[in-house]
Amino acid sequence: MSHKELVVSALENGTVLDHIPAEYVYKALDLLDLKDVESQITIGINLASKLHGKKGIIKIADKFFEDEDLNKLALIAPKATVNIIRDFKVVEKKTLETPEEVVGIARCKNPKCVTNHQPIKTKFTTIQNNDKISLKCHYCEKISSIKHAL
């Protein structure tokens, strides 16, 4: 007989972000601007995952996101799942779509880029090649990996 443990407590209402690569959980919190949220947030890192070996999960009580905000998460966790919870039940599952443009959340790695010398918001076009996502700077056209730009 196998026994199961509930590693993370159930959520009455809110959003569950699951299957985030473990190394990107803190970056996900930044991308979704969760540091000043008053709601209860439960974070799990290095949890067992049959698909990924190790994964991260973020549960945010009483918080629901716009698709535009959730799609930022696709930059670092394209296979993440988003579950909307109401009354302890999953009422909606969302899939993420990589945004075509990324504004103000990544940095250009080109030291000569105008965004590193002037008060200009960064702007990138996403380039998707299979599961790999890169960012092309709107101003200097330098292409950077997600890992180096975020």
# chains A, B, ... in the order shown; residues from 1 in each chain; ligands from 1
>>> residues_around(residues="segment 81-93 of chain A", least_positions_apart="3", cutoff="10 Å", atoms="only C-alpha atoms", output="PyMOL selection string")
chain A and resi 10-20+57-65+70+74+77-78+96
>>> write_last_selection(atoms="N, CA and C atoms", output="mmCIF file, in the first residue's frame")
data_model
loop_
_atom_site.group_PDB
_atom_site.id
_atom_site.type_symbol
_atom_site.label_atom_id
_atom_site.label_comp_id
_atom_site.auth_asym_id
_atom_site.auth_seq_id
_atom_site.Cartn_x
_atom_site.Cartn_y
_atom_site.Cartn_z
ATOM 1 N N ALA A 10 -4.242 22.773 0.209
ATOM 2 C CA ALA A 10 -5.249 23.108 -0.796
ATOM 3 C C ALA A 10 -5.572 24.601 -0.748
ATOM 4 N N LEU A 11 -6.035 25.104 -1.869
ATOM 5 C CA LEU A 11 -6.351 26.525 -2.025
ATOM 6 C C LEU A 11 -7.854 26.657 -2.233
ATOM 7 N N GLU A 12 -8.483 27.564 -1.484
ATOM 8 C CA GLU A 12 -9.931 27.748 -1.638
ATOM 9 C C GLU A 12 -10.249 28.524 -2.911
ATOM 10 N N ASN A 13 -9.621 29.693 -3.088
ATOM 11 C CA ASN A 13 -9.803 30.522 -4.275
ATOM 12 C C ASN A 13 -8.458 31.135 -4.639
ATOM 13 N N GLY A 14 -8.155 31.153 -5.922
ATOM 14 C CA GLY A 14 -6.906 31.774 -6.340
ATOM 15 C C GLY A 14 -6.329 31.103 -7.565
ATOM 16 N N THR A 15 -5.015 31.230 -7.724
ATOM 17 C CA THR A 15 -4.319 30.744 -8.902
ATOM 18 C C THR A 15 -3.158 29.851 -8.487
ATOM 19 N N VAL A 16 -3.025 28.730 -9.190
ATOM 20 C CA VAL A 16 -1.901 27.825 -8.971
ATOM 21 C C VAL A 16 -1.058 27.799 -10.243
ATOM 22 N N LEU A 17 0.200 28.123 -10.093
ATOM 23 C CA LEU A 17 1.165 28.077 -11.200
ATOM 24 C C LEU A 17 2.035 26.859 -10.949
ATOM 25 N N ASP A 18 1.907 25.858 -11.803
ATOM 26 C CA ASP A 18 2.578 24.583 -11.575
ATOM 27 C C ASP A 18 3.542 24.280 -12.716
ATOM 28 N N HIS A 19 4.457 23.382 -12.472
ATOM 29 C CA HIS A 19 5.446 22.927 -13.463
ATOM 30 C C HIS A 19 6.382 24.054 -13.919
ATOM 31 N N ILE A 20 6.732 24.917 -12.975
ATOM 32 C CA ILE A 20 7.738 25.950 -13.244
ATOM 33 C C ILE A 20 9.097 25.295 -13.008
ATOM 34 N N ILE A 57 6.260 25.274 -7.766
ATOM 35 C CA ILE A 57 4.836 25.579 -7.774
ATOM 36 C C ILE A 57 4.610 26.841 -6.949
ATOM 37 N N ILE A 58 3.696 27.680 -7.408
ATOM 38 C CA ILE A 58 3.337 28.894 -6.667
ATOM 39 C C ILE A 58 1.814 28.923 -6.568
ATOM 40 N N LYS A 59 1.315 29.040 -5.340
ATOM 41 C CA LYS A 59 -0.133 29.145 -5.117
ATOM 42 C C LYS A 59 -0.405 30.522 -4.512
ATOM 43 N N ILE A 60 -1.289 31.273 -5.159
ATOM 44 C CA ILE A 60 -1.612 32.619 -4.696
ATOM 45 C C ILE A 60 -3.091 32.663 -4.346
ATOM 46 N N ALA A 61 -3.385 32.879 -3.084
ATOM 47 C CA ALA A 61 -4.773 32.923 -2.628
ATOM 48 C C ALA A 61 -5.453 34.209 -3.090
ATOM 49 N N ASP A 62 -6.684 34.072 -3.537
ATOM 50 C CA ASP A 62 -7.547 35.216 -3.878
ATOM 51 C C ASP A 62 -6.949 36.156 -4.922
ATOM 52 N N LYS A 63 -6.101 35.627 -5.803
ATOM 53 C CA LYS A 63 -5.489 36.456 -6.855
ATOM 54 C C LYS A 63 -5.699 35.763 -8.191
ATOM 55 N N PHE A 64 -6.147 36.558 -9.161
ATOM 56 C CA PHE A 64 -6.375 36.059 -10.514
ATOM 57 C C PHE A 64 -5.663 37.010 -11.465
ATOM 58 N N PHE A 65 -5.041 36.477 -12.498
ATOM 59 C CA PHE A 65 -4.187 37.258 -13.387
ATOM 60 C C PHE A 65 -4.823 37.460 -14.750
ATOM 61 N N LEU A 70 0.164 36.588 -17.295
ATOM 62 C CA LEU A 70 0.552 35.181 -17.229
ATOM 63 C C LEU A 70 1.488 34.797 -18.361
ATOM 64 N N ALA A 74 5.572 32.516 -19.626
ATOM 65 C CA ALA A 74 5.964 31.618 -20.721
ATOM 66 C C ALA A 74 7.412 31.837 -21.141
ATOM 67 N N ALA A 77 9.020 29.640 -18.348
ATOM 68 C CA ALA A 77 8.373 28.356 -18.056
ATOM 69 C C ALA A 77 7.295 28.060 -19.105
ATOM 70 N N PRO A 78 7.710 27.801 -20.359
ATOM 71 C CA PRO A 78 6.719 27.614 -21.420
ATOM 72 C C PRO A 78 5.787 26.423 -21.206
ATOM 73 N N LEU A 96 -0.097 28.717 -21.538
ATOM 74 C CA LEU A 96 0.625 29.972 -21.729
ATOM 75 C C LEU A 96 0.995 30.156 -23.190
#
>>> select_by_dssp(residues="segment 34-143 of chain A", states="strand (DSSP E or B)", output="number ranges by chain")
A: 41-49, 53-61, 81-86, 89-94, 101-103, 123-129, 132-137, 143
>>> write_last_selection(atoms="N, CA and C atoms", output="compact mmCIF listing (two decimals), in the first residue's frame")
# COMPACT_ATOMS: atom_id res chain seq x y z
N ILE A 41 0.76 33.46 -0.13
CA ILE A 41 1.44 32.83 -1.25
C ILE A 41 2.20 31.62 -0.70
N THR A 42 1.97 30.47 -1.32
CA THR A 42 2.68 29.26 -0.95
C THR A 42 3.62 28.92 -2.11
N ILE A 43 4.89 28.70 -1.78
CA ILE A 43 5.89 28.43 -2.80
C ILE A 43 6.52 27.07 -2.51
N GLY A 44 6.61 26.25 -3.54
CA GLY A 44 7.31 24.98 -3.42
C GLY A 44 8.42 24.95 -4.46
N ILE A 45 9.60 24.56 -4.04
CA ILE A 45 10.74 24.50 -4.95
C ILE A 45 11.39 23.12 -4.81
N ASN A 46 11.85 22.58 -5.92
CA ASN A 46 12.49 21.26 -5.96
C ASN A 46 11.54 20.15 -5.56
N LEU A 47 10.26 20.30 -5.93
CA LEU A 47 9.29 19.24 -5.69
C LEU A 47 9.46 18.18 -6.78
N ALA A 48 9.13 16.95 -6.44
CA ALA A 48 9.26 15.86 -7.40
C ALA A 48 8.29 16.05 -8.56
N SER A 49 8.78 15.80 -9.77
CA SER A 49 7.96 15.90 -10.97
C SER A 49 8.29 14.72 -11.87
N GLY A 53 11.59 15.96 -13.39
CA GLY A 53 12.53 15.65 -12.32
C GLY A 53 12.26 16.50 -11.10
N LYS A 54 12.51 17.82 -11.23
CA LYS A 54 12.20 18.77 -10.15
C LYS A 54 11.42 19.92 -10.73
N LYS A 55 10.48 20.42 -9.95
CA LYS A 55 9.66 21.53 -10.41
C LYS A 55 9.40 22.50 -9.28
N GLY A 56 8.82 23.62 -9.65
CA GLY A 56 8.38 24.60 -8.67
C GLY A 56 6.89 24.82 -8.83
N ILE A 57 6.26 25.27 -7.77
CA ILE A 57 4.84 25.58 -7.77
C ILE A 57 4.61 26.84 -6.95
N ILE A 58 3.70 27.68 -7.41
CA ILE A 58 3.34 28.89 -6.67
C ILE A 58 1.81 28.92 -6.57
N LYS A 59 1.32 29.04 -5.34
CA LYS A 59 -0.13 29.15 -5.12
C LYS A 59 -0.40 30.52 -4.51
N ILE A 60 -1.29 31.27 -5.16
CA ILE A 60 -1.61 32.62 -4.70
C ILE A 60 -3.09 32.66 -4.35
N ALA A 61 -3.38 32.88 -3.08
CA ALA A 61 -4.77 32.92 -2.63
C ALA A 61 -5.45 34.21 -3.09
N THR A 81 1.73 25.16 -16.09
CA THR A 81 0.26 25.10 -16.16
C THR A 81 -0.30 26.12 -15.17
N VAL A 82 -1.42 26.69 -15.54
CA VAL A 82 -2.09 27.68 -14.70
C VAL A 82 -3.48 27.15 -14.40
N ASN A 83 -3.76 26.97 -13.11
CA ASN A 83 -5.06 26.48 -12.69
C ASN A 83 -5.77 27.56 -11.88
N ILE A 84 -7.00 27.85 -12.28
CA ILE A 84 -7.83 28.81 -11.56
C ILE A 84 -8.71 28.01 -10.60
N ILE A 85 -8.64 28.37 -9.32
CA ILE A 85 -9.34 27.62 -8.27
C ILE A 85 -10.47 28.48 -7.69
N ARG A 86 -11.63 27.89 -7.61
CA ARG A 86 -12.77 28.52 -6.94
C ARG A 86 -13.45 27.46 -6.09
N LYS A 89 -11.98 23.91 -6.10
CA LYS A 89 -12.03 23.13 -7.33
C LYS A 89 -11.35 23.88 -8.47
N VAL A 90 -10.68 23.13 -9.35
CA VAL A 90 -10.11 23.73 -10.55
C VAL A 90 -11.26 24.03 -11.51
N VAL A 91 -11.49 25.31 -11.78
CA VAL A 91 -12.59 25.69 -12.68
C VAL A 91 -12.09 26.06 -14.07
N GLU A 92 -10.78 26.28 -14.17
CA GLU A 92 -10.22 26.61 -15.48
C GLU A 92 -8.74 26.27 -15.49
N LYS A 93 -8.29 25.71 -16.62
CA LYS A 93 -6.86 25.46 -16.84
C LYS A 93 -6.46 26.32 -18.02
N LYS A 94 -5.34 27.02 -17.88
CA LYS A 94 -4.88 27.89 -18.96
C LYS A 94 -3.54 27.40 -19.47
N GLU A 101 6.08 40.55 -27.85
CA GLU A 101 6.95 41.64 -27.38
C GLU A 101 7.10 41.58 -25.88
N VAL A 102 8.27 41.98 -25.41
CA VAL A 102 8.56 42.05 -23.99
C VAL A 102 9.03 43.48 -23.72
N VAL A 103 8.28 44.20 -22.89
CA VAL A 103 8.61 45.60 -22.63
C VAL A 103 8.90 45.81 -21.14
N LYS A 123 12.72 47.12 -24.86
CA LYS A 123 11.69 46.54 -25.71
C LYS A 123 12.34 45.46 -26.56
N PHE A 124 11.77 44.26 -26.50
CA PHE A 124 12.32 43.13 -27.24
C PHE A 124 11.24 42.42 -28.03
N THR A 125 11.65 41.81 -29.12
CA THR A 125 10.80 40.90 -29.87
C THR A 125 11.23 39.50 -29.49
N THR A 126 10.26 38.61 -29.25
CA THR A 126 10.64 37.24 -28.91
C THR A 126 10.88 36.43 -30.18
N ILE A 127 11.86 35.57 -30.10
CA ILE A 127 12.19 34.66 -31.19
C ILE A 127 12.11 33.26 -30.61
N GLN A 128 11.22 32.46 -31.15
CA GLN A 128 11.04 31.11 -30.62
C GLN A 128 11.57 30.09 -31.63
N ASN A 129 12.50 29.26 -31.15
CA ASN A 129 13.08 28.22 -31.98
C ASN A 129 12.93 26.91 -31.20
N LYS A 132 13.30 26.78 -27.32
CA LYS A 132 14.23 27.82 -26.89
C LYS A 132 13.70 29.20 -27.30
N ILE A 133 13.71 30.12 -26.35
CA ILE A 133 13.23 31.48 -26.61
C ILE A 133 14.40 32.45 -26.46
N SER A 134 14.53 33.34 -27.43
CA SER A 134 15.54 34.40 -27.37
C SER A 134 14.83 35.73 -27.50
N LEU A 135 15.52 36.78 -27.13
CA LEU A 135 14.96 38.13 -27.21
C LEU A 135 15.84 38.99 -28.12
N LYS A 136 15.21 39.71 -29.04
CA LYS A 136 15.93 40.61 -29.94
C LYS A 136 15.61 42.05 -29.53
N CYS A 137 16.64 42.80 -29.20
CA CYS A 137 16.46 44.18 -28.76
C CYS A 137 15.91 45.03 -29.91
N ILE A 143 20.67 39.94 -30.04
CA ILE A 143 19.84 38.81 -29.61
C ILE A 143 20.45 38.20 -28.36
>>> closest_residue(among="A:Leu75, A:Ser145, A:Asp131, A:Lys109", to="Lys27 of chain A", atoms="only C-alpha atoms")
A:Leu75
>>> atom_distance(atom1="atom CA of Leu29 of chain A", atom2="atom CA of Asn116 of chain A")
24.1 Å
>>> closest_residue(among="A:Ser39, A:Leu73, A:Tyr139, A:Tyr26", to="Gln118 of chain A", atoms="only C-alpha atoms")
A:Tyr139
>>> atom_distance(atom1="atom CA of Lys112 of chain A", atom2="atom CA of Leu150 of chain A")
17.9 Å
>>> atom_distance(atom1="atom CA of Glu141 of chain A", atom2="atom CA of Ile105 of chain A")
16.6 Å
>>> select_by_dssp(residues="segment 19-69 of chain A", states="alpha helix (DSSP H)", output="NGL selection string")
:A and (25-31 or 67-69)
>>> residues_around(residues="Thr122 of chain A", least_positions_apart="2", cutoff="7 Å", atoms="only C-alpha atoms", output="PyMOL selection string")
chain A and resi 103-104+106-107+115+120+124
>>> write_last_selection(atoms="N, CA and C atoms", output="compact mmCIF listing (two decimals), in the first residue's frame")
# COMPACT_ATOMS: atom_id res chain seq x y z
N VAL A 103 8.28 44.20 -22.89
CA VAL A 103 8.61 45.60 -22.63
C VAL A 103 8.90 45.81 -21.14
N GLY A 104 10.07 46.37 -20.86
CA GLY A 104 10.40 46.82 -19.51
C GLY A 104 10.77 45.74 -18.51
N ALA A 106 13.09 42.95 -19.29
CA ALA A 106 14.39 42.32 -19.58
C ALA A 106 15.41 43.44 -19.82
N ARG A 107 16.68 43.06 -19.72
CA ARG A 107 17.77 44.02 -19.96
C ARG A 107 18.55 43.61 -21.18
N THR A 115 19.49 51.70 -24.24
CA THR A 115 18.70 51.42 -23.03
C THR A 115 19.57 51.31 -21.79
N ILE A 120 15.26 54.86 -21.03
CA ILE A 120 14.35 54.31 -22.04
C ILE A 120 13.95 52.91 -21.61
N PHE A 124 11.77 44.26 -26.50
CA PHE A 124 12.32 43.13 -27.24
C PHE A 124 11.24 42.42 -28.03
>>> residues_around(residues="Asp69 of chain A", least_positions_apart="6", cutoff="10 Å", atoms="only C-alpha atoms", output="ChimeraX atom specification")
/A:31-33,99
>>> write_last_selection(atoms="N, CA and C atoms", output="tab-separated table (two decimals), in the first residue's frame")
chain	number	residue	atom	x	y	z
A	31	LEU	N	8.55	38.35	-12.21
A	31	LEU	CA	7.83	38.65	-13.46
A	31	LEU	C	6.36	38.97	-13.21
A	32	LEU	N	5.77	38.29	-12.24
A	32	LEU	CA	4.35	38.52	-11.93
A	32	LEU	C	4.16	39.57	-10.85
A	33	ASP	N	5.25	40.19	-10.43
A	33	ASP	CA	5.23	41.29	-9.46
A	33	ASP	C	4.47	40.90	-8.19
A	99	PRO	N	4.69	35.81	-25.32
A	99	PRO	CA	4.35	37.13	-25.87
A	99	PRO	C	5.25	37.48	-27.06
